[in-house]
Amino acid sequence: RASGESNALLLAGYVAQSTIANNEFARLGDSAIVAYGRSEGIDASAGDYPQDNLVEANHIHDIGLVGKQTAGYFQSIAGHNTIRRNVIYHGPRVG
């Protein structure tokens, strides 16, 4: 169970074949799970990004208490991740 005034979990750079499952993320200032990579150029060919990860069966609620551009799951420069069977509600925007 995570709470506070920031993102709860950050997958930064190369993170592969990890599983985030069966957790509760509640009362967060920002997003619950953030997957964020780095790119050399515009095609992310260096592979320095979260990939082939599983985010499943998490309970995410009451997020974005401080930041208003938050999400239950957010990714930027990330790929081949599977997000399924999560319950996300009570946030300032879409899950």
# chains A, B, ... in the order shown; residues from 1 in each chain; ligands from 1
call {"tool": "residues_around", "arguments": {"residues": "A:Ile83", "least_positions_apart": "4", "cutoff": "8 Å", "atoms": "only C-alpha atoms", "output": "ChimeraX atom specification"}}
result
/A:54-56
call {"tool": "residues_around", "arguments": {"residues": "A:Ala35", "least_positions_apart": "6", "cutoff": "10 Å", "atoms": "only C-alpha atoms", "output": "PDB file with N, CA and C atoms, in the first residue's frame"}}
result
ATOM      1  N   LEU A   9       5.533   4.271  -7.819  1.00  0.00           N
ATOM      2  CA  LEU A   9       6.480   3.319  -8.391  1.00  0.00           C
ATOM      3  C   LEU A   9       6.982   3.847  -9.726  1.00  0.00           C
ATOM      4  N   LEU A  10       8.298   3.898  -9.895  1.00  0.00           N
ATOM      5  CA  LEU A  10       8.909   4.407 -11.124  1.00  0.00           C
ATOM      6  C   LEU A  10       9.762   3.321 -11.762  1.00  0.00           C
ATOM      7  N   LEU A  11       9.438   2.988 -13.009  1.00  0.00           N
ATOM      8  CA  LEU A  11      10.274   2.116 -13.827  1.00  0.00           C
ATOM      9  C   LEU A  11      11.029   3.054 -14.762  1.00  0.00           C
ATOM     10  N   ALA A  12      12.318   3.282 -14.497  1.00  0.00           N
ATOM     11  CA  ALA A  12      13.088   4.266 -15.255  1.00  0.00           C
ATOM     12  C   ALA A  12      14.238   3.594 -15.984  1.00  0.00           C
ATOM     13  N   GLY A  13      14.436   3.978 -17.243  1.00  0.00           N
ATOM     14  CA  GLY A  13      15.509   3.398 -18.033  1.00  0.00           C
ATOM     15  C   GLY A  13      15.174   1.964 -18.409  1.00  0.00           C
ATOM     16  N   TYR A  14      16.199   1.131 -18.518  1.00  0.00           N
ATOM     17  CA  TYR A  14      15.987  -0.256 -18.914  1.00  0.00           C
ATOM     18  C   TYR A  14      15.486  -1.078 -17.723  1.00  0.00           C
ATOM     19  N   VAL A  15      14.242  -1.479 -17.804  1.00  0.00           N
ATOM     20  CA  VAL A  15      13.618  -2.375 -16.831  1.00  0.00           C
ATOM     21  C   VAL A  15      12.851  -3.386 -17.667  1.00  0.00           C
ATOM     22  N   TYR A  49      14.718   1.701 -22.095  1.00  0.00           N
ATOM     23  CA  TYR A  49      13.351   2.015 -21.713  1.00  0.00           C
ATOM     24  C   TYR A  49      12.686   0.779 -21.110  1.00  0.00           C
ATOM     25  N   PRO A  50      11.636   0.970 -20.296  1.00  0.00           N
ATOM     26  CA  PRO A  50      10.908  -0.160 -19.737  1.00  0.00           C
ATOM     27  C   PRO A  50      10.242  -0.971 -20.854  1.00  0.00           C
ATOM     28  N   GLN A  51      10.445  -2.286 -20.815  1.00  0.00           N
ATOM     29  CA  GLN A  51       9.901  -3.149 -21.864  1.00  0.00           C
ATOM     30  C   GLN A  51       9.599  -4.540 -21.337  1.00  0.00           C
ATOM     31  N   ASN A  53       7.210  -5.675 -19.497  1.00  0.00           N
ATOM     32  CA  ASN A  53       6.799  -5.745 -18.099  1.00  0.00           C
ATOM     33  C   ASN A  53       5.302  -6.023 -18.014  1.00  0.00           C
ATOM     34  N   TYR A  73      -1.660   4.566 -14.456  1.00  0.00           N
ATOM     35  CA  TYR A  73      -0.469   4.061 -15.138  1.00  0.00           C
ATOM     36  C   TYR A  73      -0.104   5.057 -16.227  1.00  0.00           C
ATOM     37  N   PHE A  74       1.137   5.501 -16.243  1.00  0.00           N
ATOM     38  CA  PHE A  74       1.629   6.429 -17.263  1.00  0.00           C
ATOM     39  C   PHE A  74       2.914   5.866 -17.850  1.00  0.00           C
ATOM     40  N   GLN A  75       3.031   5.938 -19.188  1.00  0.00           N
ATOM     41  CA  GLN A  75       4.296   5.548 -19.807  1.00  0.00           C
ATOM     42  C   GLN A  75       4.693   6.531 -20.891  1.00  0.00           C
ATOM     43  N   SER A  76       6.011   6.743 -20.991  1.00  0.00           N
ATOM     44  CA  SER A  76       6.599   7.594 -22.010  1.00  0.00           C
ATOM     45  C   SER A  76       7.934   6.984 -22.398  1.00  0.00           C
ATOM     46  N   ILE A  77       8.138   6.763 -23.665  1.00  0.00           N
ATOM     47  CA  ILE A  77       9.295   6.035 -24.189  1.00  0.00           C
ATOM     48  C   ILE A  77       9.385   4.694 -23.464  1.00  0.00           C
ATOM     49  N   ALA A  78       8.385   3.885 -23.674  1.00  0.00           N
ATOM     50  CA  ALA A  78       8.294   2.549 -23.098  1.00  0.00           C
ATOM     51  C   ALA A  78       7.511   1.694 -24.087  1.00  0.00           C
ATOM     52  N   GLY A  79       7.738   0.406 -24.066  1.00  0.00           N
ATOM     53  CA  GLY A  79       7.003  -0.412 -25.028  1.00  0.00           C
ATOM     54  C   GLY A  79       6.929  -1.876 -24.654  1.00  0.00           C
ATOM     55  N   ASN A  81       4.808  -3.408 -22.977  1.00  0.00           N
ATOM     56  CA  ASN A  81       4.359  -3.665 -21.614  1.00  0.00           C
ATOM     57  C   ASN A  81       2.902  -4.092 -21.663  1.00  0.00           C
TER      58      ASN A  81
END
call {"tool": "atom_distance", "arguments": {"atom1": "atom CA of A:Gly67", "atom2": "atom CA of A:Val87"}}
result
20.1 Å
call {"tool": "residues_around", "arguments": {"residues": "A:Ser31", "least_positions_apart": "2", "cutoff": "12 Å", "atoms": "only C-alpha atoms", "output": "number ranges by chain"}}
result
A: 2-10, 25-29, 33-35, 60-75, 88-95
call {"tool": "write_last_selection", "arguments": {"atoms": "N, CA and C atoms", "output": "tab-separated table (two decimals), in the first residue's frame"}}
result
chain	number	residue	atom	x	y	z
A	2	ALA	N	0.69	2.11	-0.96
A	2	ALA	CA	1.51	3.32	-1.08
A	2	ALA	C	0.65	4.54	-0.82
A	3	SER	N	1.22	5.54	-0.19
A	3	SER	CA	0.51	6.81	-0.02
A	3	SER	C	1.54	7.93	0.12
A	4	GLY	N	1.10	9.17	-0.10
A	4	GLY	CA	2.01	10.29	0.02
A	4	GLY	C	1.78	11.34	-1.03
A	5	GLU	N	2.85	12.10	-1.35
A	5	GLU	CA	2.71	13.21	-2.27
A	5	GLU	C	3.61	13.06	-3.48
A	6	SER	N	3.75	11.87	-4.02
A	6	SER	CA	4.58	11.67	-5.21
A	6	SER	C	4.10	10.44	-5.96
A	7	ASN	N	4.85	10.07	-7.01
A	7	ASN	CA	4.56	8.83	-7.71
A	7	ASN	C	4.92	7.67	-6.78
A	8	ALA	N	4.16	6.60	-6.86
A	8	ALA	CA	4.44	5.46	-5.98
A	8	ALA	C	5.54	4.56	-6.52
A	9	LEU	N	5.53	4.27	-7.82
A	9	LEU	CA	6.48	3.32	-8.39
A	9	LEU	C	6.98	3.85	-9.73
A	10	LEU	N	8.30	3.90	-9.90
A	10	LEU	CA	8.91	4.41	-11.12
A	10	LEU	C	9.76	3.32	-11.76
A	25	PHE	N	-2.57	0.90	-4.51
A	25	PHE	CA	-1.96	2.22	-4.53
A	25	PHE	C	-3.07	3.21	-4.20
A	26	ALA	N	-2.94	3.94	-3.09
A	26	ALA	CA	-4.04	4.80	-2.64
A	26	ALA	C	-3.51	6.11	-2.06
A	27	ARG	N	-4.34	7.16	-2.18
A	27	ARG	CA	-4.05	8.48	-1.60
A	27	ARG	C	-2.67	8.99	-2.02
A	28	LEU	N	-2.47	9.08	-3.33
A	28	LEU	CA	-1.19	9.52	-3.89
A	28	LEU	C	-1.28	10.95	-4.40
A	29	GLY	N	-0.20	11.69	-4.24
A	29	GLY	CA	-0.13	13.05	-4.76
A	29	GLY	C	-0.07	13.08	-6.27
A	33	ILE	N	1.86	4.34	-11.02
A	33	ILE	CA	2.95	3.63	-11.69
A	33	ILE	C	3.38	4.44	-12.91
A	34	VAL	N	4.68	4.72	-13.00
A	34	VAL	CA	5.23	5.49	-14.13
A	34	VAL	C	6.33	4.66	-14.78
A	35	ALA	N	6.22	4.46	-16.10
A	35	ALA	CA	7.26	3.79	-16.89
A	35	ALA	C	7.85	4.84	-17.82
A	60	ILE	N	-5.95	0.73	-7.79
A	60	ILE	CA	-5.39	2.08	-7.79
A	60	ILE	C	-6.53	3.07	-7.62
A	61	HIS	N	-6.47	3.88	-6.55
A	61	HIS	CA	-7.57	4.82	-6.31
A	61	HIS	C	-7.11	6.02	-5.50
A	62	ASP	N	-7.89	7.08	-5.60
A	62	ASP	CA	-7.62	8.33	-4.88
A	62	ASP	C	-6.20	8.84	-5.18
A	63	ILE	N	-5.94	9.06	-6.47
A	63	ILE	CA	-4.63	9.55	-6.91
A	63	ILE	C	-4.76	10.97	-7.43
A	64	GLY	N	-3.64	11.64	-7.61
A	64	GLY	CA	-3.65	13.01	-8.13
A	64	GLY	C	-4.11	14.02	-7.10
A	65	LEU	N	-3.81	13.78	-5.85
A	65	LEU	CA	-4.23	14.72	-4.81
A	65	LEU	C	-3.46	16.03	-4.88
A	66	VAL	N	-2.25	16.02	-5.47
A	66	VAL	CA	-1.45	17.23	-5.66
A	66	VAL	C	-1.37	17.57	-7.14
A	67	GLY	N	-0.84	16.66	-7.94
A	67	GLY	CA	-0.73	16.87	-9.39
A	67	GLY	C	-2.03	16.55	-10.09
A	68	LYS	N	-2.38	17.33	-11.07
A	68	LYS	CA	-3.65	17.12	-11.78
A	68	LYS	C	-3.47	16.52	-13.17
A	69	GLN	N	-2.24	16.26	-13.60
A	69	GLN	CA	-1.98	15.60	-14.87
A	69	GLN	C	-1.40	14.20	-14.58
A	70	THR	N	-2.05	13.48	-13.71
A	70	THR	CA	-1.57	12.18	-13.26
A	70	THR	C	-2.41	11.06	-13.85
A	71	ALA	N	-1.96	9.84	-13.65
A	71	ALA	CA	-2.69	8.67	-14.14
A	71	ALA	C	-2.41	7.48	-13.24
A	72	GLY	N	-3.27	6.50	-13.29
A	72	GLY	CA	-3.01	5.26	-12.57
A	72	GLY	C	-1.76	4.59	-13.13
A	73	TYR	N	-1.66	4.57	-14.46
A	73	TYR	CA	-0.47	4.06	-15.14
A	73	TYR	C	-0.10	5.06	-16.23
A	74	PHE	N	1.14	5.50	-16.24
A	74	PHE	CA	1.63	6.43	-17.26
A	74	PHE	C	2.91	5.87	-17.85
A	75	GLN	N	3.03	5.94	-19.19
A	75	GLN	CA	4.30	5.55	-19.81
A	75	GLN	C	4.69	6.53	-20.89
A	88	ILE	N	-8.93	1.10	-11.56
A	88	ILE	CA	-8.41	2.46	-11.35
A	88	ILE	C	-9.60	3.42	-11.30
A	89	TYR	N	-9.68	4.19	-10.21
A	89	TYR	CA	-10.77	5.16	-10.09
A	89	TYR	C	-10.40	6.27	-9.11
A	90	HIS	N	-11.20	7.31	-9.06
A	90	HIS	CA	-11.02	8.50	-8.22
A	90	HIS	C	-9.66	9.17	-8.48
A	91	GLY	N	-9.48	9.58	-9.73
A	91	GLY	CA	-8.30	10.35	-10.11
A	91	GLY	C	-8.74	11.57	-10.89
A	92	PRO	N	-7.84	12.53	-11.14
A	92	PRO	CA	-8.23	13.76	-11.81
A	92	PRO	C	-8.44	13.59	-13.31
A	93	ARG	N	-8.03	12.45	-13.88
A	93	ARG	CA	-8.21	12.21	-15.30
A	93	ARG	C	-8.31	10.70	-15.55
A	94	VAL	N	-8.15	10.27	-16.78
A	94	VAL	CA	-8.31	8.85	-17.11
A	94	VAL	C	-7.26	7.99	-16.42
A	95	GLY	N	-7.54	6.70	-16.31
A	95	GLY	CA	-6.64	5.74	-15.64
A	95	GLY	C	-5.34	5.57	-16.35
call {"tool": "atom_distance", "arguments": {"atom1": "atom CA of A:Gly47", "atom2": "atom CA of A:His80"}}
result
11.7 Å
call {"tool": "select_by_dssp", "arguments": {"residues": "chain A", "states": "strand (DSSP E)", "output": "PyMOL selection string"}}
result
chain A and resi 2-4+9-12+19-21+24-28+33-36+54-56+59-61+73-76+82-84+87-89
call {"tool": "closest_residue", "arguments": {"among": "A:Gly37, A:Asp30, A:Thr82, A:Ser45", "to": "A:Ala57", "atoms": "only C-alpha atoms"}}
result
A:Thr82
